[in-house]
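Student: Structure: final-v4.tsv, TSV, C-alpha atoms.
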```tsv
chain	number	residue	atom	x	y	z
A	1	MET	CA	-136.41	169.48	-7.94
A	2	ASN	CA	-134.10	171.59	-10.11
A	3	ILE	CA	-130.80	173.17	-9.08
A	4	SER	CA	-132.27	176.62	-8.38
A	5	GLU	CA	-134.90	175.19	-6.06
A	6	VAL	CA	-132.34	173.10	-4.21
A	7	ALA	CA	-129.94	176.04	-3.94
A	8	SER	CA	-132.69	178.22	-2.52
A	9	ARG	CA	-133.85	175.55	-0.09
A	10	GLN	CA	-130.30	174.74	1.07
A	11	ASN	CA	-129.20	178.39	1.15
A	12	ILE	CA	-126.25	177.83	-1.19
A	13	THR	CA	-125.60	178.86	-4.77
A	14	PRO	CA	-126.18	176.71	-7.84
A	15	ALA	CA	-122.47	177.17	-8.58
A	16	THR	CA	-121.64	175.57	-5.22
A	17	LEU	CA	-123.88	172.61	-6.00
A	18	ARG	CA	-122.19	172.16	-9.38
A	19	TYR	CA	-118.78	172.43	-7.73
A	20	TYR	CA	-119.69	169.83	-5.11
A	21	GLU	CA	-120.80	167.50	-7.88
A	22	GLN	CA	-117.60	168.10	-9.89
A	23	GLN	CA	-115.45	167.43	-6.82
A	24	GLY	CA	-117.25	164.20	-6.02
A	25	LEU	CA	-118.93	165.42	-2.85
A	26	ILE	CA	-122.33	164.76	-4.36
A	27	THR	CA	-123.02	161.70	-6.41
A	28	PRO	CA	-123.92	162.46	-10.04
A	29	ILE	CA	-127.43	163.89	-10.05
A	30	LYS	CA	-130.04	162.32	-12.28
A	31	ARG	CA	-131.12	164.50	-15.17
A	32	THR	CA	-134.38	165.00	-16.96
A	33	THR	CA	-134.66	164.21	-20.67
A	34	ALA	CA	-133.91	167.91	-21.24
A	35	GLY	CA	-130.62	167.53	-19.31
A	36	VAL	CA	-131.76	169.49	-16.26
A	37	ARG	CA	-130.55	168.19	-12.88
A	38	ASP	CA	-133.40	166.56	-10.99
A	39	TYR	CA	-132.55	166.30	-7.27
A	40	SER	CA	-134.27	163.64	-5.16
A	41	ASN	CA	-135.06	163.76	-1.45
A	42	GLU	CA	-132.04	161.51	-0.85
A	43	ASP	CA	-129.87	164.01	-2.74
A	44	LEU	CA	-131.19	166.78	-0.48
A	45	LYS	CA	-130.32	164.80	2.65
A	46	TRP	CA	-126.83	164.17	1.31
A	47	ILE	CA	-126.35	167.86	0.47
A	48	GLU	CA	-127.42	168.78	4.00
A	49	PHE	CA	-124.81	166.34	5.35
A	50	ILE	CA	-122.12	167.77	3.07
A	51	LYS	CA	-122.98	171.33	4.15
A	52	CYS	CA	-122.79	170.32	7.80
A	53	MET	CA	-119.41	168.66	7.31
A	54	ARG	CA	-118.03	171.61	5.32
A	55	ASN	CA	-119.27	174.05	7.97
A	56	SER	CA	-117.41	172.03	10.59
A	57	GLY	CA	-114.20	172.34	8.62
A	58	LEU	CA	-113.98	169.00	6.83
A	59	SER	CA	-111.84	169.36	3.72
A	60	ILE	CA	-113.08	168.84	0.18
A	61	ASP	CA	-110.64	165.93	-0.20
A	62	ALA	CA	-111.82	164.20	2.98
A	63	LEU	CA	-115.45	164.64	1.95
A	64	ALA	CA	-114.75	163.35	-1.56
A	65	ARG	CA	-113.06	160.30	-0.03
A	66	TYR	CA	-115.99	159.78	2.33
A	67	THR	CA	-118.47	160.05	-0.56
A	68	GLU	CA	-116.45	157.59	-2.61
A	69	LEU	CA	-116.44	155.13	0.28
A	70	PHE	CA	-120.16	155.65	0.87
A	71	GLN	CA	-120.90	154.73	-2.72
A	72	LYS	CA	-119.01	151.45	-2.27
A	73	GLY	CA	-121.42	150.37	0.43
A	74	ASP	CA	-121.15	148.66	3.78
A	75	MET	CA	-117.76	147.12	3.13
A	76	THR	CA	-116.34	150.61	3.82
A	77	LEU	CA	-118.09	151.23	7.14
A	78	LYS	CA	-114.87	151.12	9.19
A	79	GLU	CA	-113.06	153.55	6.89
A	80	ARG	CA	-115.98	155.96	6.92
A	81	LYS	CA	-116.17	155.75	10.68
A	82	GLU	CA	-112.43	156.51	10.91
A	83	ILE	CA	-112.88	159.66	8.83
A	84	LEU	CA	-115.73	160.84	11.03
A	85	VAL	CA	-113.92	159.98	14.29
A	86	LEU	CA	-110.88	161.94	13.15
A	87	GLU	CA	-113.05	164.93	12.28
A	88	TYR	CA	-114.95	164.59	15.56
A	89	GLU	CA	-111.67	164.74	17.49
A	90	LYS	CA	-110.58	167.81	15.51
A	91	LEU	CA	-113.88	169.49	16.32
A	92	LEU	CA	-113.51	168.74	20.02
A	93	LYS	CA	-110.08	170.41	19.98
A	94	LYS	CA	-111.49	173.38	18.09
A	95	GLN	CA	-114.38	173.58	20.56
A	96	ALA	CA	-111.93	173.62	23.49
A	97	GLN	CA	-110.01	176.46	21.82
A	98	ILE	CA	-113.21	178.39	21.21
A	99	ASN	CA	-114.33	177.84	24.81
A	100	GLU	CA	-110.96	179.13	26.04
A	101	THR	CA	-111.25	182.19	23.81
A	102	VAL	CA	-114.82	182.84	24.98
A	103	ALA	CA	-113.68	182.65	28.61
A	104	LYS	CA	-110.82	185.10	27.93
A	105	LEU	CA	-113.18	187.49	26.18
A	106	ALA	CA	-115.67	187.28	29.05
A	107	TYR	CA	-112.85	188.11	31.48
A	108	LYS	CA	-111.70	191.07	29.36
A	109	ILE	CA	-115.25	192.39	28.95
A	110	ASN	CA	-115.82	192.14	32.70
A	111	ASN	CA	-112.51	193.92	33.30
A	112	TYR	CA	-113.64	196.75	31.01
A	113	GLU	CA	-116.96	196.96	32.83
A	114	VAL	CA	-115.16	197.32	36.16
A	115	LYS	CA	-112.84	200.01	34.74
A	116	ILE	CA	-115.74	201.89	33.11
A	117	ASN	CA	-117.79	201.81	36.34
A	118	HIS	CA	-114.76	202.95	38.36
A	119	SER	CA	-114.09	205.76	35.86
A	120	GLU	CA	-117.74	206.86	35.99
A	121	ILE	CA	-117.67	206.93	39.79
A	122	ILE	CA	-114.50	209.04	39.77
A	123	ASN	CA	-115.91	211.40	37.10
A	124	THR	CA	-119.12	211.82	39.10
A	125	ALA	CA	-117.15	212.53	42.27
A	126	VAL	CA	-114.96	215.09	40.48
A	127	GLN	CA	-118.02	216.83	39.04
A	128	GLU	CA	-119.73	216.93	42.42
A	129	THR	CA	-116.56	218.28	44.04
A	130	THR	CA	-116.25	220.93	41.34
A	131	ILE	CA	-119.87	221.95	41.76
A	132	TYR	CA	-119.49	222.05	45.56
A	133	ALA	CA	-116.24	224.05	45.34
A	134	GLY	CA	-117.88	226.49	42.95
A	135	SER	CA	-120.82	227.07	45.28
A	136	VAL	CA	-118.45	227.58	48.24
A	137	GLU	CA	-116.55	230.20	46.22
A	138	ASP	CA	-119.84	231.89	45.34
A	139	ASN	CA	-120.78	232.03	49.01
A	140	VAL	CA	-117.36	233.37	49.97
A	141	SER	CA	-117.55	236.14	47.41
A	142	PHE	CA	-120.99	237.14	48.68
A	143	SER	CA	-119.80	237.29	52.26
A	144	LYS	CA	-116.93	239.66	51.31
A	145	ASN	CA	-119.41	242.25	50.02
```
If you took the structure in this file and wrote it as structure tokens, what would it be?
Tutor:
Amino acid sequence: MNISEVASRQNITPATLRYYEQQGLITPIKRTTAGVRDYSNEDLKWIEFIKCMRNSGLSIDALARYTELFQKGDMTLKERKEILVLEYEKLLKKQAQINETVAKLAYKINNYEVKINHSEIINTAVQETTIYAGSVEDNVSFSKN
């Protein structure tokens, strides 16, 4: 599969794929005899992993280190696990912050709903009072004639 097909399938740009390869996030991609990158299914799985890690906030440096360790094989399992555990803990903290923000926003939105409903009730009451007062005045003016 060429770079355009992979980019389309992964919803990223060919430039991003080249950048990931240059930075060591993706192992060097095999090339055809014409020099065109030829991505394998394993490459696609790795790219999906890299995208997931980048979306979660993992730095380019940390991912490059992880990729380097991965290429060295099972003797680096503990180091790779440490990288992922550290990122997992960061994500849990970020998730707690997001949950706190979501709760605050829900409170604020509810507060606005209460204020809007209260304001609408008051506006309706004022309009009804104005209409009632106007009809009383009309009746009074008729009774004076």
Student: If you measure from CA of Trp46 (chain A) to CA of Leu84 (chain A), what distance in Å do you get, rounded to one decimal?
Tutor: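 These two atoms are separated by 15.1 Å.
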Student: Could you give me, as a ChimeraX atom specification, the residues within 12 Å of region 18-34 of chain A, counting only C-alpha atoms and dropping anything in the same chain fewer than 2 positions from it?
Tutor: /A:1-4,6-7,12-16,36-51,53-54,58-72
Student: Let me make sure I understand: among A:Gly57, A:Cys52, A:Thr130, A:Glu5, which one has the smallest atom-to-atom distance to Lys94 (chain A) if we use all atoms listed in the file?
Tutor: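 Nearest to Lys94 (chain A): A:Gly57.
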Student: Using Å and a single decimal, report how far CA of Ala96 (chain A) sits from CA of Lys81 (chain A).
Tutor: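 Separating CA of Lys81 (chain A) from CA of Ala96 (chain A) is a distance of 22.4 Å.
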Student: What is the CA of Asp74 (chain A)-CA of Gln10 (chain A) distance in Å, reported with one decimal?
Tutor: 27.8 Å
Student: Using all atoms of region 99-113 of chain A that appear in the file, construct an axis-aligned enclosing box with 4 Å of padding on every side and provide its centre coordinates and edge lengths in Å, rounded to one decimal, as AutoDock Vina command-line options.
Tutor:
```
--center_x -113.9 --center_y 187.4 --center_z 28.6 --size_x 14.1 --size_y 27.1 --size_z 17.5
```
